[in-house]
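Trainee: Data file structure-v8.txt (compact mmCIF, C-alpha atoms and all ligand atoms) is appended below.
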```txt
# COMPACT_ATOMS: atom_id res chain seq x y z
CA MET K 1 -2.57 -9.49 -8.38
CA SER K 2 -5.31 -6.88 -8.49
CA LEU K 3 -3.97 -4.46 -11.08
CA LYS K 4 -1.22 -4.88 -13.63
CA ILE K 5 -0.24 -2.01 -15.92
CA GLU K 6 2.34 -2.56 -18.61
CA ASP K 7 4.01 0.18 -20.62
CA LEU K 8 0.96 2.44 -20.46
CA SER K 9 1.17 5.76 -22.29
CA VAL K 10 -1.65 8.29 -22.31
CA ALA K 11 -1.64 11.61 -24.18
CA TYR K 12 -3.92 14.63 -24.55
CA GLN K 13 -4.38 15.75 -28.12
CA SER K 14 -3.84 19.48 -28.49
CA LEU K 15 -3.46 21.92 -31.37
CA ARG K 16 0.24 22.12 -30.62
CA GLY K 17 0.66 18.33 -30.57
CA ASP K 18 0.29 15.52 -28.07
CA VAL K 19 0.83 16.19 -24.37
CA GLN K 20 2.32 12.89 -23.19
CA ALA K 21 0.96 13.01 -19.64
CA VAL K 22 1.65 9.33 -18.82
CA ASP K 23 4.75 7.90 -20.42
CA ARG K 24 5.44 4.14 -20.50
CA VAL K 25 4.23 3.38 -17.00
CA SER K 26 4.43 -0.18 -15.66
CA LEU K 27 3.30 -1.15 -12.19
CA SER K 28 1.30 -3.70 -10.29
CA ILE K 29 -0.87 -3.54 -7.20
CA ALA K 30 -1.45 -6.58 -5.03
CA ASP K 31 -4.78 -7.64 -3.54
CA GLY K 32 -5.40 -5.57 -0.43
CA GLU K 33 -2.72 -3.01 -1.29
CA ILE K 34 -3.26 0.71 -0.80
CA MET K 35 -0.84 2.41 -3.15
CA GLY K 36 -0.21 6.11 -2.65
CA LEU K 37 0.57 8.11 -5.78
CA ALA K 38 2.39 11.40 -5.25
CA GLY K 39 4.31 14.02 -7.18
CA GLU K 40 4.15 17.71 -8.05
CA SER K 41 1.20 19.30 -9.79
CA GLY K 42 0.98 18.36 -13.48
CA CYS K 43 3.10 15.20 -13.24
CA GLY K 44 0.28 12.98 -14.55
CA LYS K 45 -1.27 11.52 -11.39
CA SER K 46 -4.89 12.26 -12.29
CA THR K 47 -4.33 11.30 -15.92
CA LEU K 48 -3.04 7.89 -14.85
CA GLY K 49 -5.96 7.42 -12.43
CA ASN K 50 -8.62 8.68 -14.83
CA SER K 51 -7.31 6.60 -17.73
CA LEU K 52 -8.16 3.43 -15.78
CA ILE K 53 -11.85 4.30 -15.78
CA PHE K 54 -12.84 7.12 -18.09
CA MET K 55 -10.98 8.65 -21.03
CA GLU K 56 -12.26 12.16 -21.63
CA GLY K 57 -12.54 13.50 -25.20
CA ARG K 58 -8.97 14.60 -25.81
CA MET K 59 -7.30 11.70 -24.00
CA LYS K 60 -5.99 8.72 -25.91
CA VAL K 61 -4.03 5.62 -25.03
CA THR K 62 -0.86 5.62 -27.10
CA GLY K 63 0.44 2.29 -25.86
CA GLY K 64 0.37 -0.40 -23.23
CA THR K 65 -2.07 -2.76 -21.52
CA VAL K 66 -4.00 -2.94 -18.26
CA GLU K 67 -5.24 -6.06 -16.46
CA LEU K 68 -7.58 -6.13 -13.50
CA ASP K 69 -7.86 -9.38 -11.56
CA GLY K 70 -6.13 -11.23 -14.37
CA ARG K 71 -8.48 -9.99 -17.11
CA PRO K 72 -7.80 -7.26 -19.67
CA LEU K 73 -9.36 -3.89 -18.81
CA PRO K 74 -10.44 -2.31 -22.12
CA ILE K 75 -9.57 1.27 -21.17
CA SER K 76 -9.57 2.57 -24.77
CA ASP K 77 -13.10 1.33 -25.37
CA SER K 78 -15.48 3.59 -23.47
CA ARG K 79 -18.52 1.44 -24.21
CA ALA K 80 -16.82 -1.78 -23.09
CA MET K 81 -15.66 0.02 -19.93
CA ASN K 82 -19.29 0.61 -18.92
CA HIS K 83 -19.38 -2.98 -17.80
CA PHE K 84 -16.49 -2.37 -15.38
CA ARG K 85 -17.21 1.13 -14.07
CA LEU K 86 -18.42 1.23 -10.48
CA ARG K 87 -18.57 -2.59 -10.37
CA ALA K 88 -14.91 -3.45 -10.97
CA VAL K 89 -13.16 -0.10 -10.94
CA SER K 90 -14.42 3.07 -9.36
CA ILE K 91 -13.10 6.58 -8.85
CA ILE K 92 -13.58 9.49 -6.52
CA PRO K 93 -12.42 12.15 -8.97
CA GLN K 94 -10.34 15.18 -8.00
CA TYR K 95 -12.74 18.03 -7.10
CA ALA K 96 -15.61 15.50 -6.68
CA MET K 97 -16.76 17.28 -3.56
CA SER K 98 -17.31 20.60 -5.27
CA ALA K 99 -18.67 18.88 -8.38
CA LEU K 100 -21.67 17.38 -6.60
CA ASN K 101 -24.81 18.71 -8.28
CA PRO K 102 -26.21 21.35 -5.89
CA THR K 103 -29.78 20.95 -7.16
CA ARG K 104 -30.02 17.19 -6.57
CA ARG K 105 -30.52 15.51 -3.23
CA VAL K 106 -27.86 12.94 -2.30
CA GLY K 107 -30.30 10.03 -2.67
CA ARG K 108 -31.29 11.09 -6.17
CA MET K 109 -27.67 11.43 -7.22
CA ALA K 110 -26.80 7.97 -5.90
CA SER K 111 -29.84 6.50 -7.57
CA ASP K 112 -29.03 8.14 -10.96
CA LEU K 113 -25.43 6.94 -10.84
CA LEU K 114 -26.44 3.36 -10.04
CA LYS K 115 -29.16 3.42 -12.70
CA SER K 116 -26.54 4.36 -15.28
CA ARG K 117 -24.80 1.09 -14.34
CA GLY K 118 -28.05 -0.90 -14.55
CA VAL K 119 -28.49 -1.23 -10.77
CA ARG K 120 -31.72 -0.31 -8.96
CA PHE K 121 -31.04 1.79 -5.87
CA SER K 122 -33.75 -0.09 -3.96
CA SER K 123 -31.65 -3.27 -4.31
CA VAL K 124 -28.70 -1.71 -2.45
CA ARG K 125 -30.55 0.76 -0.21
CA GLU K 126 -30.16 -1.35 2.93
CA GLU K 127 -26.42 -1.69 2.41
CA PHE K 128 -26.16 2.04 1.64
CA GLN K 129 -27.85 2.88 4.98
CA ARG K 130 -25.54 0.45 6.79
CA ARG K 131 -22.45 2.08 5.32
CA ILE K 132 -23.76 5.59 5.90
CA ALA K 133 -24.10 4.70 9.59
CA LEU K 134 -20.67 3.08 9.57
CA VAL K 135 -19.00 6.30 8.43
CA GLY K 136 -20.91 8.32 11.01
CA LEU K 137 -23.32 10.12 8.67
CA PRO K 138 -26.91 10.85 9.73
CA ASP K 139 -29.73 8.60 8.46
CA ASP K 140 -31.40 11.43 6.60
CA VAL K 141 -28.37 12.18 4.42
CA LEU K 142 -30.23 10.83 1.38
CA GLU K 143 -32.77 13.62 1.74
CA ARG K 144 -30.17 16.37 1.95
CA TYR K 145 -28.68 18.63 -0.69
CA PRO K 146 -24.86 18.72 -0.97
CA PHE K 147 -24.72 22.32 0.34
CA GLU K 148 -26.32 21.10 3.55
CA LEU K 149 -23.29 18.90 4.23
CA SER K 150 -19.84 19.85 5.48
CA GLY K 151 -16.77 19.08 3.32
CA GLY K 152 -15.98 15.98 5.37
CA MET K 153 -19.58 14.73 5.14
CA ARG K 154 -19.63 15.24 1.37
CA GLN K 155 -16.39 13.32 1.02
CA ARG K 156 -17.84 10.44 3.05
CA VAL K 157 -20.96 10.38 0.89
CA THR K 158 -18.90 10.22 -2.32
CA MET K 159 -16.82 7.42 -0.80
CA VAL K 160 -19.86 5.38 0.17
CA ILE K 161 -21.54 5.84 -3.21
CA SER K 162 -18.44 5.07 -5.25
CA THR K 163 -17.74 1.83 -3.37
CA LEU K 164 -21.31 0.60 -2.95
CA LEU K 165 -20.88 -2.16 -5.53
CA ASN K 166 -17.62 -3.39 -3.94
CA PRO K 167 -15.27 -2.59 -6.82
CA SER K 168 -11.97 -4.39 -7.07
CA LEU K 169 -10.05 -1.11 -7.49
CA LEU K 170 -10.83 2.34 -6.11
CA ILE K 171 -8.99 5.42 -7.30
CA ALA K 172 -9.25 8.19 -4.72
CA ASP K 173 -7.95 11.44 -6.24
CA GLU K 174 -7.07 14.16 -3.70
CA VAL K 175 -9.89 13.14 -1.39
CA THR K 176 -8.30 14.79 1.61
CA SER K 177 -6.76 17.96 0.15
CA ALA K 178 -9.61 20.39 0.82
CA LEU K 179 -10.27 19.17 4.36
CA ASP K 180 -9.03 20.33 7.72
CA VAL K 181 -6.40 18.21 9.46
CA SER K 182 -8.62 16.16 11.76
CA THR K 183 -11.09 15.43 8.93
CA GLN K 184 -8.16 14.43 6.70
CA ARG K 185 -7.15 11.84 9.28
CA ALA K 186 -10.73 10.57 9.61
CA VAL K 187 -11.11 10.19 5.83
CA GLY K 188 -7.73 8.42 5.71
CA GLU K 189 -8.91 5.97 8.36
CA MET K 190 -12.12 5.39 6.44
CA LEU K 191 -10.17 4.46 3.33
CA MET K 192 -8.30 1.83 5.34
CA GLU K 193 -11.49 0.57 6.92
CA PHE K 194 -13.16 0.21 3.51
CA ARG K 195 -10.22 -1.93 2.41
CA ASP K 196 -10.19 -3.94 5.64
CA ARG K 197 -13.92 -4.65 5.38
CA GLY K 198 -13.53 -5.78 1.76
CA PHE K 199 -15.65 -2.96 0.26
CA VAL K 200 -12.74 -2.52 -2.16
CA LYS K 201 -9.87 -4.88 -2.83
CA SER K 202 -7.14 -2.39 -3.62
CA MET K 203 -6.74 1.36 -3.93
CA ILE K 204 -4.73 4.05 -5.61
CA VAL K 205 -4.72 7.08 -3.33
CA ILE K 206 -3.57 10.15 -5.23
CA THR K 207 -2.39 13.05 -3.11
CA HIS K 208 0.15 15.80 -2.64
CA ASP K 209 0.15 15.01 1.03
CA LEU K 210 2.82 12.46 1.88
CA SER K 211 1.87 12.61 5.56
CA ILE K 212 -1.53 11.07 4.73
CA LEU K 213 0.26 8.37 2.76
CA ALA K 214 2.55 7.69 5.71
CA GLN K 215 -0.63 7.04 7.69
CA ILE K 216 -2.54 4.81 5.27
CA ALA K 217 -0.48 3.58 2.30
CA ASP K 218 1.24 0.19 2.03
CA SER K 219 3.34 1.41 -0.88
CA ILE K 220 4.11 4.79 -2.42
CA LEU K 221 4.71 5.57 -6.07
CA ILE K 222 6.35 8.87 -7.00
CA MET K 223 5.80 10.29 -10.50
CA TYR K 224 7.75 13.04 -12.18
CA ALA K 225 6.87 14.65 -15.52
CA GLY K 226 4.68 11.76 -16.70
CA LYS K 227 7.14 9.05 -15.70
CA LEU K 228 7.66 6.80 -12.72
CA ALA K 229 10.51 7.94 -10.49
CA GLU K 230 10.35 5.58 -7.50
CA LYS K 231 8.12 2.94 -5.89
CA ALA K 232 8.61 1.05 -2.63
CA GLY K 233 6.94 0.27 0.67
CA ALA K 234 5.62 3.44 2.35
CA ALA K 235 8.16 3.39 5.20
CA THR K 236 11.05 2.87 2.76
CA ILE K 237 10.00 5.82 0.60
CA ILE K 238 9.63 8.08 3.61
CA GLU K 239 12.72 6.98 5.53
CA HIS K 240 15.13 5.80 2.80
CA PRO K 241 14.19 7.35 -0.54
CA LEU K 242 16.76 6.73 -3.28
CA HIS K 243 15.61 9.10 -6.02
CA PRO K 244 16.88 12.70 -5.66
CA TYR K 245 13.40 13.96 -6.61
CA THR K 246 11.72 11.96 -3.82
CA GLN K 247 14.38 13.17 -1.40
CA ARG K 248 13.65 16.77 -2.31
CA LEU K 249 9.91 16.26 -2.26
CA LEU K 250 10.17 14.96 1.29
CA ALA K 251 12.56 17.73 2.32
CA SER K 252 10.19 20.37 0.96
CA LEU K 253 7.31 19.04 3.02
CA PRO K 254 5.90 21.16 5.77
CA GLU K 255 5.37 19.79 9.25
CA VAL K 256 2.88 16.92 9.27
CA GLY K 257 -0.64 18.30 9.32
CA VAL K 258 -0.12 21.51 7.32
CA ARG K 259 -2.50 21.71 4.39
CA TYR K 260 -1.16 21.46 0.85
CA GLU K 261 -2.48 24.91 -0.09
CA ASP K 262 -0.23 26.37 2.60
CA ALA K 263 2.64 24.00 1.88
CA ALA K 264 2.74 24.97 -1.79
CA LEU K 265 4.56 28.14 -0.77
CA THR K 266 7.75 26.15 -0.31
CA GLY K 267 8.88 23.50 -2.77
CA ILE K 268 11.67 22.35 -5.03
CA PRO K 269 13.45 25.11 -6.98
CA GLY K 270 12.73 25.10 -10.71
CA ARG K 271 9.82 23.66 -12.64
CA PRO K 272 9.02 20.32 -14.26
CA PRO K 273 9.59 20.24 -18.05
CA SER K 274 6.78 20.67 -20.56
CA LEU K 275 5.13 17.40 -21.50
CA LEU K 276 4.46 18.70 -25.00
CA SER K 277 8.09 18.19 -25.98
CA PRO K 278 9.87 16.72 -22.96
CA PRO K 279 13.68 16.79 -22.97
CA SER K 280 15.64 13.61 -23.64
CA GLY K 281 17.46 11.87 -20.81
CA CYS K 282 16.39 12.06 -17.19
CA ARG K 283 13.52 14.55 -16.94
CA PHE K 284 14.67 15.74 -13.51
CA ARG K 285 18.12 16.63 -14.88
CA ASP K 286 17.68 20.45 -14.89
CA ARG K 287 16.75 20.46 -11.21
CA CYS K 288 18.94 17.66 -9.94
CA PRO K 289 22.05 18.65 -7.97
CA PHE K 290 23.60 15.23 -8.70
CA ALA K 291 23.16 15.25 -12.47
CA PHE K 292 26.16 13.84 -14.34
CA GLU K 293 27.04 12.83 -17.87
CA LYS K 294 25.06 9.61 -17.90
CA CYS K 295 21.85 11.49 -17.04
CA ALA K 296 21.64 12.53 -20.71
CA GLU K 297 20.25 9.00 -21.19
CA ASP K 298 16.81 8.05 -19.93
CA PRO K 299 17.26 6.02 -16.69
CA PRO K 300 15.23 2.77 -16.65
CA PHE K 301 12.74 2.16 -13.83
CA ILE K 302 14.28 -0.92 -12.22
CA GLU K 303 14.25 -2.88 -8.97
CA LEU K 304 17.41 -1.79 -7.14
CA ARG K 305 16.55 -3.44 -3.85
CA PRO K 306 13.83 -6.05 -3.22
CA GLY K 307 10.51 -4.30 -3.82
CA HIS K 308 12.23 -0.92 -4.34
CA HIS K 309 12.07 0.39 -7.92
CA VAL K 310 13.92 3.54 -8.96
CA ALA K 311 14.66 5.39 -12.21
CA CYS K 312 17.96 7.14 -11.47
CA TRP K 313 21.55 6.54 -12.59
CA LYS K 314 23.01 7.87 -9.37
CA ALA K 315 20.81 5.62 -7.21
CA GLU K 316 21.78 2.68 -9.41
CA GLU K 317 25.50 3.41 -8.87
CA GLU K 318 25.00 3.93 -5.14
CA VAL K 319 23.23 0.62 -4.66
CA ALA K 320 25.78 -1.17 -6.86
CA SER K 321 28.67 0.22 -4.77
CA GLU K 322 26.91 -0.83 -1.53
CA GLY K 323 26.70 -4.33 -3.01
CA ALA K 324 30.41 -4.27 -3.94
CA LEU K 325 31.28 -3.14 -0.41
CA GLN K 326 29.28 -5.98 1.09
CA VAL K 327 31.04 -8.48 -1.17
CA GLN K 328 34.44 -7.08 -0.08
CA GLU K 329 33.47 -7.27 3.60
CA ALA K 330 32.21 -10.82 3.22
CA ALA K 331 35.51 -11.80 1.54
CA ARG K 332 37.57 -10.45 4.47
N1 LIG K 401 -7.67 18.14 -20.56
C1 LIG K 401 -6.38 18.34 -20.78
N2 LIG K 401 -5.92 18.75 -21.98
C2 LIG K 401 -4.59 18.91 -22.22
N3 LIG K 401 -3.63 18.69 -21.30
C3 LIG K 401 -4.03 18.29 -20.09
C4 LIG K 401 -5.41 18.11 -19.76
N4 LIG K 401 -5.49 17.69 -18.46
C5 LIG K 401 -4.21 17.65 -18.02
N5 LIG K 401 -3.35 18.00 -18.99
C6 LIG K 401 -1.87 18.04 -18.88
O1 LIG K 401 -1.42 16.74 -18.54
C7 LIG K 401 -0.40 16.82 -17.58
C8 LIG K 401 -0.76 15.99 -16.38
O2 LIG K 401 -1.91 16.54 -15.75
P1 LIG K 401 -2.62 15.82 -14.52
O3 LIG K 401 -3.89 16.54 -14.27
O4 LIG K 401 -2.67 14.36 -14.77
O5 LIG K 401 -1.57 16.12 -13.36
P2 LIG K 401 -1.69 15.89 -11.78
O6 LIG K 401 -0.42 15.22 -11.38
O7 LIG K 401 -2.96 15.20 -11.45
O8 LIG K 401 -1.69 17.40 -11.22
P3 LIG K 401 -2.42 18.01 -9.92
O9 LIG K 401 -1.58 17.59 -8.78
O10 LIG K 401 -2.38 19.48 -10.16
O11 LIG K 401 -3.80 17.46 -9.85
C9 LIG K 401 -0.19 18.30 -17.28
O12 LIG K 401 0.92 18.73 -18.01
C10 LIG K 401 -1.46 18.94 -17.76
O13 LIG K 401 -1.19 20.24 -18.22
S1 LIG K 402 19.27 10.17 -13.30
FE1 LIG K 402 20.72 11.83 -12.94
S2 LIG K 402 19.57 13.72 -13.20
FE2 LIG K 402 18.11 12.06 -12.94
S3 LIG K 402 17.65 12.06 -10.78
FE3 LIG K 402 19.28 10.58 -11.09
S4 LIG K 402 21.19 11.74 -10.78
FE4 LIG K 402 19.55 13.23 -11.02
MG MG K 403 -4.61 15.76 -10.35
```
What would you get if you wrote out this structure as structure tokens?
Mentor:
Amino acid sequence: MSLKIEDLSVAYQSLRGDVQAVDRVSLSIADGEIMGLAGESGCGKSTLGNSLIFMEGRMKVTGGTVELDGRPLPISDSRAMNHFRLRAVSIIPQYAMSALNPTRRVGRMASDLLKSRGVRFSSVREEFQRRIALVGLPDDVLERYPFELSGGMRQRVTMVISTLLNPSLLIADEVTSALDVSTQRAVGEMLMEFRDRGFVKSMIVITHDLSILAQIADSILIMYAGKLAEKAGAATIIEHPLHPYTQRLLASLPEVGVRYEDAALTGIPGRPPSLLSPPSGCRFRDRCPFAFEKCAEDPPFIELRPGHHVACWKAEEEVASEGALQVQEAAR
């Protein structure tokens, strides 16, 4: 097992109180697994991803544990995490492409980043050049400034740099959202190739774009308002989702290939609840057409079918009645 998260809660401290952006999340990712993480804006995807590598000032872990390759990952201890960053767990942060320092050449940036992890660039230069060629970037990319590269080229550079030390886990946060459709596909293929070649063992690919996940993910996890809603194999989530939120998320999707910025015009009616003081019971209750009495209680995230975890009372009843039907049929 590559990654094992148990009961993880992460909050942002604010003047008005704690924003509980990740609320009692438990999940595991197997060796070689690419797990897609999707959900509406503000549901906690980046917070979950970032918490596994770098806790910014106002973030704090309010509960839970994380293990990577069977060893505890000390996510609350920034200094102790230095030992793991880039080597064991690495991230391509959301907006990384636009955050590249415009006044530094790519080579200098890579070298500074590696130096901060105690690695001399000269010791990995050969491998860097090999990977640059592998992803179809020109040899002289090290000498270029970020503004001299297209969006797709910049994304490839960030991917090569962030995986240069072969981390066990890579978190790729919205790496395809700002790209055109054909570049999105190419970057998606690169992520798979990096896994297949063993540059990274497992990945969390965060995106709004379920069509990219259909292309590259082994499993998909759907979050809603800081909590897990559903996780299963990618095909199961896309073809047989059980959670009403996942069903609506899929129904609100544009045709495959339309960019998220354009797709955001449609969507699910209503808005997710505030995470400052979230309501009790199922957090999707206000927007769920199937809500019933029991939904006033918080539904547990449980395995309803083999490998298919869901947090929904209706789904639980549905699967239970299917089981009862099968028992009746078998008895006939
Ligand atoms: N620095 C911060 N301080 C306070 N609250 C924050 C901060 N960053 C995020 N939040 C809150 O935490 C919640 C989760 O945010 P997060 O960025 O993890 O969502 P996301 O799912 O990645 O959204 P998006 O799809 O827009 O990237 C939101 O309610 C957001 O307002
Ligand atoms: S638990 Fe109830 S409100 Fe929540 S998604 Fe299921 S049916 Fe809807
Ligand atoms: Mg985000």
Trainee: Show me which residues sit within 7 Å of ligand LIG 402 (chain K) when counting all atoms listed in the file, and put them as a count of residues only.
Mentor: 20
Trainee: I'd like a table as CSV: residues in chain K with an atom no more than 8 Å from ligand MG 403 (chain K), each row giving the shortest atom pair and its distance in Å to one decimal, all atoms listed in the file counted, sorted by chain and rising residue number.
Mentor:
```
residue,atom,partner,partner_atom,distance
K:Ser41,CA,K:MG403,MG,6.8
K:Gly42,CA,K:MG403,MG,6.9
K:Gly44,CA,K:MG403,MG,7.0
K:Lys45,CA,K:MG403,MG,5.5
K:Ser46,CA,K:MG403,MG,4.0
K:Thr47,CA,K:MG403,MG,7.1
K:Gln94,CA,K:MG403,MG,6.2
K:Asp173,CA,K:MG403,MG,6.8
K:Glu174,CA,K:MG403,MG,7.3
K:Ile206,CA,K:MG403,MG,7.7
```
Trainee: Counting all atoms listed in the file, which protein, DNA or RNA residues come within 10 Å of ligand LIG 401 (chain K), given as a PDB file with C-alpha atoms, in the frame of the given file?
Mentor:
```
ATOM      1  CA  VAL K  10      -1.650   8.290 -22.310  1.00  0.00           C
ATOM      2  CA  ALA K  11      -1.640  11.610 -24.180  1.00  0.00           C
ATOM      3  CA  TYR K  12      -3.920  14.630 -24.550  1.00  0.00           C
ATOM      4  CA  GLN K  13      -4.380  15.750 -28.120  1.00  0.00           C
ATOM      5  CA  SER K  14      -3.840  19.480 -28.490  1.00  0.00           C
ATOM      6  CA  LEU K  15      -3.460  21.920 -31.370  1.00  0.00           C
ATOM      7  CA  GLY K  17       0.660  18.330 -30.570  1.00  0.00           C
ATOM      8  CA  ASP K  18       0.290  15.520 -28.070  1.00  0.00           C
ATOM      9  CA  VAL K  19       0.830  16.190 -24.370  1.00  0.00           C
ATOM     10  CA  GLN K  20       2.320  12.890 -23.190  1.00  0.00           C
ATOM     11  CA  ALA K  21       0.960  13.010 -19.640  1.00  0.00           C
ATOM     12  CA  VAL K  22       1.650   9.330 -18.820  1.00  0.00           C
ATOM     13  CA  LEU K  37       0.570   8.110  -5.780  1.00  0.00           C
ATOM     14  CA  ALA K  38       2.390  11.400  -5.250  1.00  0.00           C
ATOM     15  CA  GLY K  39       4.310  14.020  -7.180  1.00  0.00           C
ATOM     16  CA  GLU K  40       4.150  17.710  -8.050  1.00  0.00           C
ATOM     17  CA  SER K  41       1.200  19.300  -9.790  1.00  0.00           C
ATOM     18  CA  GLY K  42       0.980  18.360 -13.480  1.00  0.00           C
ATOM     19  CA  CYS K  43       3.100  15.200 -13.240  1.00  0.00           C
ATOM     20  CA  GLY K  44       0.280  12.980 -14.550  1.00  0.00           C
ATOM     21  CA  LYS K  45      -1.270  11.520 -11.390  1.00  0.00           C
ATOM     22  CA  SER K  46      -4.890  12.260 -12.290  1.00  0.00           C
ATOM     23  CA  THR K  47      -4.330  11.300 -15.920  1.00  0.00           C
ATOM     24  CA  LEU K  48      -3.040   7.890 -14.850  1.00  0.00           C
ATOM     25  CA  GLY K  49      -5.960   7.420 -12.430  1.00  0.00           C
ATOM     26  CA  ASN K  50      -8.620   8.680 -14.830  1.00  0.00           C
ATOM     27  CA  SER K  51      -7.310   6.600 -17.730  1.00  0.00           C
ATOM     28  CA  GLU K  56     -12.260  12.160 -21.630  1.00  0.00           C
ATOM     29  CA  GLY K  57     -12.540  13.500 -25.200  1.00  0.00           C
ATOM     30  CA  ARG K  58      -8.970  14.600 -25.810  1.00  0.00           C
ATOM     31  CA  MET K  59      -7.300  11.700 -24.000  1.00  0.00           C
ATOM     32  CA  GLN K  94     -10.340  15.180  -8.000  1.00  0.00           C
ATOM     33  CA  TYR K  95     -12.740  18.030  -7.100  1.00  0.00           C
ATOM     34  CA  ASP K 173      -7.950  11.440  -6.240  1.00  0.00           C
ATOM     35  CA  GLU K 174      -7.070  14.160  -3.700  1.00  0.00           C
ATOM     36  CA  ILE K 206      -3.570  10.150  -5.230  1.00  0.00           C
ATOM     37  CA  THR K 207      -2.390  13.050  -3.110  1.00  0.00           C
ATOM     38  CA  HIS K 208       0.150  15.800  -2.640  1.00  0.00           C
ATOM     39  CA  MET K 223       5.800  10.290 -10.500  1.00  0.00           C
ATOM     40  CA  TYR K 224       7.750  13.040 -12.180  1.00  0.00           C
ATOM     41  CA  ALA K 225       6.870  14.650 -15.520  1.00  0.00           C
ATOM     42  CA  GLY K 226       4.680  11.760 -16.700  1.00  0.00           C
ATOM     43  CA  PRO K 272       9.020  20.320 -14.260  1.00  0.00           C
ATOM     44  CA  PRO K 273       9.590  20.240 -18.050  1.00  0.00           C
ATOM     45  CA  SER K 274       6.780  20.670 -20.560  1.00  0.00           C
ATOM     46  CA  LEU K 275       5.130  17.400 -21.500  1.00  0.00           C
ATOM     47  CA  LEU K 276       4.460  18.700 -25.000  1.00  0.00           C
TER      48      LEU K 276
END
```
Trainee: Which is closer to Ala232 of chain K than all the others in K:Ile302, K:Ile75, K:Leu52, K:Leu165, using all atoms listed in the file?
Mentor: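 Of K:Ile302, K:Ile75, K:Leu52, K:Leu165, the one nearest Ala232 of chain K is K:Ile302, counting all atoms listed in the file.
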Trainee: Quick one, how far is atom CA of Pro167 of chain K from atom CA of Met203 of chain K?
Mentor: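 Result for atom CA of Pro167 of chain K versus atom CA of Met203 of chain K: 9.8 Å, one decimal.
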Trainee: Please identify all polymer residues within 8 Å of Ala88 of chain K, counting all atoms listed in the file, omitting same-chain residues fewer than 4 positions from it, and present them as a list in words.
Mentor: Phe84, Asn166, Pro167, Ser168 and Leu169 of chain K
Trainee: Find, counting all atoms listed in the file, the residue in K:Gln155, K:Ala235, K:Pro74, K:Lys115 that gets nearest to Leu221 of chain K.
Mentor: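 Using all atoms listed in the file, the shortest distance to Leu221 of chain K belongs to K:Ala235.
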Trainee: I'd like the contact shell of Leu86 of chain K - 10 Å cut-off, all atoms listed in the file, skipping same-chain residues fewer than 4 positions apart - returned as a PyMOL selection string.
Mentor: chain K and resi 53+81-82+90-91+113-114+116-117+161-170
Trainee: Give me the residues near Arg71 of chain K as an mmCIF file with C-alpha atoms, keeping the file's coordinate frame, where near means some atom within 10 Å (using only C-alpha atoms) and where sequence neighbours in that chain fewer than 3 positions away do not count.
Mentor:
```cif
data_model
loop_
_atom_site.group_PDB
_atom_site.id
_atom_site.type_symbol
_atom_site.label_atom_id
_atom_site.label_comp_id
_atom_site.auth_asym_id
_atom_site.auth_seq_id
_atom_site.Cartn_x
_atom_site.Cartn_y
_atom_site.Cartn_z
ATOM 1 C CA SER K 2 -5.310 -6.880 -8.490
ATOM 2 C CA LEU K 3 -3.970 -4.460 -11.080
ATOM 3 C CA LYS K 4 -1.220 -4.880 -13.630
ATOM 4 C CA VAL K 66 -4.000 -2.940 -18.260
ATOM 5 C CA GLU K 67 -5.240 -6.060 -16.460
ATOM 6 C CA LEU K 68 -7.580 -6.130 -13.500
ATOM 7 C CA PRO K 74 -10.440 -2.310 -22.120
#
```
Trainee: Name all residues at most 10 Å from Arg185 of chain K (count all atoms listed in the file; drop same-chain ones fewer than 3 positions away) and give them as number ranges by chain.
Mentor: K: 176, 179-182, 188-191, 211-212, 215-216, 257
Trainee: Counting all atoms listed in the file, what is within 9 Å of segment 317-328 of chain K, bar same-chain residues fewer than 6 positions away, as number ranges by chain?
Mentor: K: 242, 304-305
Trainee: Which residue out of K:Ile238, K:Ile132, K:Ala296, K:Ile29 has the minimum interatomic distance to Leu210 of chain K when all atoms listed in the file are used?
Mentor: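 Looking only at the distances to Leu210 of chain K, the closest residue turns out to be K:Ile238.
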Trainee: In Å, how far is it from atom CA of Arg104 of chain K to atom CA of Glu148 of chain K?
Mentor: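 Distance reported for this atom pair: 11.5 Å.
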Trainee: What is the distance between atom CA of Lys201 of chain K and atom CA of Ser150 of chain K, in Å to one decimal?
Mentor: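 Computed distance, atom CA of Lys201 of chain K to atom CA of Ser150 of chain K, equals 27.9 Å.
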Trainee: Using only C-alpha atoms, can you tell me which of K:Arg144, K:Leu228, K:Thr183, K:Val200 comes closest to Ser9 of chain K?
Mentor: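 Closest residue, counting only C-alpha atoms: K:Leu228.
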Trainee: Let me make sure I understand: among K:Pro269, K:Glu230, K:Pro102, K:Arg197, which one has the smallest atom-to-atom distance to Ser26 of chain K if we use all atoms listed in the file?
Mentor: K:Glu230
Trainee: Provide segment 169-173 of chain K of the preceding structure as a file containing N, CA and C atoms, as a CSV table (one decimal), in the first residue's frame.
Mentor:
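What follows is the written file out_16.csv:
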```
chain,number,residue,atom,x,y,z
K,169,LEU,N,4.9,9.2,-4.1
K,169,LEU,CA,3.5,9.8,-4.4
K,169,LEU,C,3.7,11.1,-5.1
K,170,LEU,N,2.9,11.3,-6.2
K,170,LEU,CA,2.9,12.6,-6.8
K,170,LEU,C,1.4,13.1,-6.7
K,171,ILE,N,1.3,14.4,-6.3
K,171,ILE,CA,0.0,15.0,-6.3
K,171,ILE,C,0.0,16.0,-7.4
K,172,ALA,N,-0.9,15.8,-8.4
K,172,ALA,CA,-0.9,16.7,-9.6
K,172,ALA,C,-2.3,17.5,-9.5
K,173,ASP,N,-2.2,18.8,-9.1
K,173,ASP,CA,-3.4,19.5,-8.9
K,173,ASP,C,-3.7,20.4,-10.1
```
